[in-house]
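See structure below.
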Protein chains: 2
Amino acid sequence: MTGKIFPTAQDAENAFYEALERADLEGMMAVWAEDEDIVCVHPGGPRLTGQDQVRESWARIFAAGGRARVHISQQVAISAMMLAVHSVHENFTVEGEARPRAPIVATNVYLRTAAGWRMIVHHASPAQAQAPEAAPAEPKILH
Amino acid sequence: MTGKIFPTAQDAENAFYEALERADLEGMMAVWAEDEDIVCVHPGGPRLTGQDQVRESWARIFAAGGRARVHISQQVAISAMMLAVHSVHENFTVEGEARPRAPIVATNVYLRTAAGWRMIVHHASPAQAQAPEAAPAEPKILH
């Protein structure tokens, strides 16, 4: 586990998607809290809990190859002292595919730990086609 | 909007699933924060944001009829001062169907408001068959 410190939940989110694009397993796991209560749901997949299940799932995804770019849009963010919740659309463009894939909707939850902000929940599922939404709201800060 | 006050996030979650079982639209909307940043993803559906989209979706679901019982299992809960995150499996039994449906995995996020705890995110998606998990962990309280 690296000693990387993310000063904000957004820093942790940026590192999460950078690791995902690079297929970087150590970078990915450095974003997650070292906690057995972490929860990860890949699109169409079962709920995975704990470091072992989450690491193993990303290892399998990254080993399958297929480099992708992901553009994050329509973020809705709610932040409190210790927890932050981001709802985002993930827009994947996969090498060798002519068109971007249908978006994925993800709920990402971050926890403020002694070692900075870390991810504790990533819940992703395919987002159906939908009516266009208004511009994303300003992040809401609660104290 | 009713003036119902939920002293804990668990009270709000209980009311959410009771309203869902009763197909009670007012009871359902009384659980949600009066906030335009609320987020709801029904299984297989698009992301809905704000009171109007969320209310309209529940109205449509309840109008479609089909009473169901829902049993909640395998809760993982993370709570802080202002936000609480529950990951649960929803196990639906629909009247007239011989067997329970495949479980749904849901991420539910609650916010402590001036009017008690309210739901701000409900993200549900079909949970594939999976290996049995260990008994649910104790809820974790962060202060």
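We label chains A, B, ... in the order they appear in the structure tokens, count residues from 1 in each chain, and number ligands from 1 in the order shown.
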Using only C-alpha atoms and a cut-off of 8 Å, which residues of chain B sit close to chain A? Please list them as an mmCIF file with all heavy atoms, in the first residue's frame.
```cif
data_model
loop_
_atom_site.group_PDB
_atom_site.id
_atom_site.type_symbol
_atom_site.label_atom_id
_atom_site.label_comp_id
_atom_site.auth_asym_id
_atom_site.auth_seq_id
_atom_site.Cartn_x
_atom_site.Cartn_y
_atom_site.Cartn_z
ATOM 1 N N ASP B 37 -30.570 18.397 -4.898
ATOM 2 C CA ASP B 37 -29.422 17.525 -5.193
ATOM 3 C C ASP B 37 -29.671 16.066 -4.835
ATOM 4 O O ASP B 37 -28.735 15.271 -4.859
ATOM 5 C CB ASP B 37 -28.172 18.013 -4.452
ATOM 6 C CG ASP B 37 -27.529 19.197 -5.153
ATOM 7 O OD1 ASP B 37 -27.893 19.473 -6.310
ATOM 8 O OD2 ASP B 37 -26.667 19.841 -4.544
ATOM 9 N N VAL B 39 -30.514 12.249 -5.380
ATOM 10 C CA VAL B 39 -30.182 11.383 -6.527
ATOM 11 C C VAL B 39 -30.852 10.036 -6.325
ATOM 12 O O VAL B 39 -30.757 9.440 -5.252
ATOM 13 C CB VAL B 39 -28.652 11.189 -6.622
ATOM 14 C CG1 VAL B 39 -28.311 10.083 -7.621
ATOM 15 C CG2 VAL B 39 -27.955 12.487 -7.001
ATOM 16 N N GLY B 44 -31.486 -0.633 -13.252
ATOM 17 C CA GLY B 44 -31.485 -0.553 -14.714
ATOM 18 C C GLY B 44 -31.891 0.788 -15.274
ATOM 19 O O GLY B 44 -31.952 0.955 -16.492
ATOM 20 N N GLY B 45 -32.157 1.745 -14.407
ATOM 21 C CA GLY B 45 -32.680 3.030 -14.869
ATOM 22 C C GLY B 45 -31.631 4.119 -14.921
ATOM 23 O O GLY B 45 -30.496 3.929 -14.493
ATOM 24 N N PRO B 46 -32.013 5.282 -15.441
ATOM 25 C CA PRO B 46 -31.093 6.413 -15.505
ATOM 26 C C PRO B 46 -30.980 7.086 -14.139
ATOM 27 O O PRO B 46 -31.751 6.789 -13.229
ATOM 28 C CB PRO B 46 -31.789 7.367 -16.482
ATOM 29 C CG PRO B 46 -33.238 7.115 -16.243
ATOM 30 C CD PRO B 46 -33.346 5.632 -15.948
ATOM 31 N N ARG B 47 -30.048 7.992 -14.009
ATOM 32 C CA ARG B 47 -29.960 8.779 -12.771
ATOM 33 C C ARG B 47 -31.027 9.863 -12.792
ATOM 34 O O ARG B 47 -31.124 10.617 -13.764
ATOM 35 C CB ARG B 47 -28.578 9.414 -12.636
ATOM 36 C CG ARG B 47 -28.428 10.099 -11.289
ATOM 37 C CD ARG B 47 -27.060 10.723 -11.141
ATOM 38 N NE ARG B 47 -26.939 11.962 -11.894
ATOM 39 C CZ ARG B 47 -25.862 12.745 -11.843
ATOM 40 N NH1 ARG B 47 -24.822 12.404 -11.115
ATOM 41 N NH2 ARG B 47 -25.809 13.864 -12.539
ATOM 42 N N VAL B 76 -24.159 -3.074 5.306
ATOM 43 C CA VAL B 76 -22.884 -2.487 5.730
ATOM 44 C C VAL B 76 -23.178 -1.010 5.931
ATOM 45 O O VAL B 76 -23.730 -0.360 5.040
ATOM 46 C CB VAL B 76 -21.785 -2.666 4.653
ATOM 47 C CG1 VAL B 76 -20.499 -1.972 5.083
ATOM 48 C CG2 VAL B 76 -21.533 -4.143 4.386
ATOM 49 N N ALA B 80 -21.319 9.076 9.956
ATOM 50 C CA ALA B 80 -20.571 10.208 10.502
ATOM 51 C C ALA B 80 -21.597 11.180 11.088
ATOM 52 O O ALA B 80 -22.781 10.864 11.180
ATOM 53 C CB ALA B 80 -19.727 10.852 9.414
ATOM 54 N N MET B 81 -21.122 12.360 11.505
ATOM 55 C CA MET B 81 -22.014 13.321 12.151
ATOM 56 C C MET B 81 -23.210 13.689 11.280
ATOM 57 O O MET B 81 -24.344 13.745 11.743
ATOM 58 C CB MET B 81 -21.242 14.610 12.443
ATOM 59 C CG MET B 81 -20.302 14.516 13.601
ATOM 60 S SD MET B 81 -21.197 14.668 15.159
ATOM 61 C CE MET B 81 -21.580 16.443 15.123
ATOM 62 N N MET B 82 -22.935 13.962 10.002
ATOM 63 C CA MET B 82 -23.961 14.551 9.146
ATOM 64 C C MET B 82 -24.437 13.623 8.047
ATOM 65 O O MET B 82 -25.476 13.877 7.434
ATOM 66 C CB MET B 82 -23.400 15.825 8.475
ATOM 67 C CG MET B 82 -22.979 16.900 9.427
ATOM 68 S SD MET B 82 -24.381 17.579 10.319
ATOM 69 C CE MET B 82 -25.217 18.467 8.997
ATOM 70 N N LEU B 83 -23.652 12.606 7.744
ATOM 71 C CA LEU B 83 -23.984 11.709 6.636
ATOM 72 C C LEU B 83 -23.869 10.270 7.098
ATOM 73 O O LEU B 83 -23.008 9.943 7.918
ATOM 74 C CB LEU B 83 -23.013 11.909 5.460
ATOM 75 C CG LEU B 83 -23.189 13.142 4.579
ATOM 76 C CD1 LEU B 83 -22.024 13.247 3.585
ATOM 77 C CD2 LEU B 83 -24.502 13.103 3.802
ATOM 78 N N SER B 87 -25.129 0.209 2.708
ATOM 79 C CA SER B 87 -25.161 -0.683 1.551
ATOM 80 C C SER B 87 -25.976 -1.895 1.970
ATOM 81 O O SER B 87 -25.688 -2.525 2.994
ATOM 82 C CB SER B 87 -23.737 -1.100 1.173
ATOM 83 O OG SER B 87 -23.772 -2.154 0.224
ATOM 84 N N VAL B 105 -28.867 -4.785 -5.160
ATOM 85 C CA VAL B 105 -27.924 -4.136 -4.248
ATOM 86 C C VAL B 105 -28.202 -2.634 -4.269
ATOM 87 O O VAL B 105 -28.395 -2.046 -5.341
ATOM 88 C CB VAL B 105 -26.448 -4.462 -4.599
ATOM 89 C CG1 VAL B 105 -26.085 -4.079 -6.006
ATOM 90 C CG2 VAL B 105 -25.505 -3.801 -3.605
ATOM 91 N N THR B 107 -27.206 1.277 -2.563
ATOM 92 C CA THR B 107 -26.431 2.208 -1.746
ATOM 93 C C THR B 107 -27.380 3.333 -1.360
ATOM 94 O O THR B 107 -27.908 4.018 -2.230
ATOM 95 C CB THR B 107 -25.233 2.765 -2.542
ATOM 96 O OG1 THR B 107 -24.404 1.680 -2.950
ATOM 97 C CG2 THR B 107 -24.426 3.733 -1.686
ATOM 98 N N HIS B 123 -29.276 4.388 -4.768
ATOM 99 C CA HIS B 123 -28.728 3.841 -6.021
ATOM 100 C C HIS B 123 -28.901 2.335 -5.953
ATOM 101 O O HIS B 123 -28.274 1.667 -5.128
ATOM 102 C CB HIS B 123 -27.251 4.228 -6.142
ATOM 103 C CG HIS B 123 -26.607 3.801 -7.434
ATOM 104 N ND1 HIS B 123 -25.391 4.297 -7.868
ATOM 105 C CD2 HIS B 123 -27.007 2.937 -8.408
ATOM 106 C CE1 HIS B 123 -25.073 3.740 -9.036
ATOM 107 N NE2 HIS B 123 -26.035 2.915 -9.371
ATOM 108 N N SER B 125 -29.225 -1.456 -8.073
ATOM 109 C CA SER B 125 -28.951 -2.185 -9.321
ATOM 110 C C SER B 125 -29.037 -3.672 -9.050
ATOM 111 O O SER B 125 -28.852 -4.123 -7.923
ATOM 112 C CB SER B 125 -27.576 -1.801 -9.879
ATOM 113 O OG SER B 125 -26.548 -2.124 -8.988
ATOM 114 N N PRO B 126 -29.350 -4.466 -10.095
ATOM 115 C CA PRO B 126 -29.471 -5.907 -9.888
ATOM 116 C C PRO B 126 -28.134 -6.478 -9.423
ATOM 117 O O PRO B 126 -27.087 -6.136 -9.960
ATOM 118 C CB PRO B 126 -29.828 -6.426 -11.291
ATOM 119 C CG PRO B 126 -30.347 -5.237 -12.028
ATOM 120 C CD PRO B 126 -29.614 -4.059 -11.471
ATOM 121 N N ALA B 127 -28.186 -7.338 -8.406
ATOM 122 C CA ALA B 127 -26.968 -7.985 -7.902
ATOM 123 C C ALA B 127 -26.906 -9.389 -8.476
ATOM 124 O O ALA B 127 -27.797 -10.188 -8.246
ATOM 125 C CB ALA B 127 -26.978 -8.038 -6.383
ATOM 126 N N GLN B 128 -25.857 -9.653 -9.223
ATOM 127 C CA GLN B 128 -25.658 -11.006 -9.759
ATOM 128 C C GLN B 128 -25.589 -12.015 -8.637
ATOM 129 O O GLN B 128 -25.279 -11.678 -7.497
ATOM 130 C CB GLN B 128 -24.311 -11.078 -10.468
ATOM 131 C CG GLN B 128 -24.288 -10.536 -11.854
ATOM 132 C CD GLN B 128 -22.893 -10.737 -12.451
ATOM 133 O OE1 GLN B 128 -21.934 -10.852 -11.713
ATOM 134 N NE2 GLN B 128 -22.812 -10.753 -13.759
ATOM 135 N N ALA B 129 -25.779 -13.268 -8.995
ATOM 136 C CA ALA B 129 -25.492 -14.357 -8.062
ATOM 137 C C ALA B 129 -24.042 -14.220 -7.617
ATOM 138 O O ALA B 129 -23.191 -13.782 -8.369
ATOM 139 C CB ALA B 129 -25.695 -15.699 -8.755
ATOM 140 N N GLN B 130 -23.776 -14.564 -6.393
ATOM 141 C CA GLN B 130 -22.432 -14.371 -5.845
ATOM 142 C C GLN B 130 -22.157 -15.388 -4.754
ATOM 143 O O GLN B 130 -23.065 -16.045 -4.265
ATOM 144 C CB GLN B 130 -22.322 -12.978 -5.243
ATOM 145 C CG GLN B 130 -23.297 -12.779 -4.107
ATOM 146 C CD GLN B 130 -23.164 -11.412 -3.471
ATOM 147 O OE1 GLN B 130 -22.146 -10.765 -3.599
ATOM 148 N NE2 GLN B 130 -24.181 -10.980 -2.773
ATOM 149 N N ALA B 137 -21.148 -7.011 9.055
ATOM 150 C CA ALA B 137 -20.279 -6.392 10.067
ATOM 151 C C ALA B 137 -21.106 -5.478 10.976
ATOM 152 O O ALA B 137 -22.201 -5.054 10.621
ATOM 153 C CB ALA B 137 -19.198 -5.588 9.361
ATOM 154 N N LEU B 142 -18.435 6.957 13.165
ATOM 155 C CA LEU B 142 -17.293 7.865 13.114
ATOM 156 C C LEU B 142 -17.685 9.175 13.741
ATOM 157 O O LEU B 142 -18.715 9.724 13.392
ATOM 158 C CB LEU B 142 -16.909 8.162 11.660
ATOM 159 C CG LEU B 142 -16.743 6.938 10.776
ATOM 160 C CD1 LEU B 142 -16.755 7.369 9.329
ATOM 161 C CD2 LEU B 142 -15.460 6.228 11.126
#
```
Review point. Near Glu18 in chain B, counting only C-alpha atoms, which residues have an atom at most 10 Å away, once you skip same-chain residues fewer than 5 positions from it, shown as a count of residues only?
Key: 8
Review point. Which distance in Å separates CA of Met29 in chain B and CA of Tyr110 in chain B, to one decimal?
Key: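 Atom-to-atom, CA of Met29 in chain B and CA of Tyr110 in chain B are spaced 13.5 Å apart.
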Practice item. For CA of Arg118 in chain B and CA of Trp32 in chain B, quote the distance in Å rounded to one decimal. Key: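 That distance, rounded to one decimal, is 5.1 Å.
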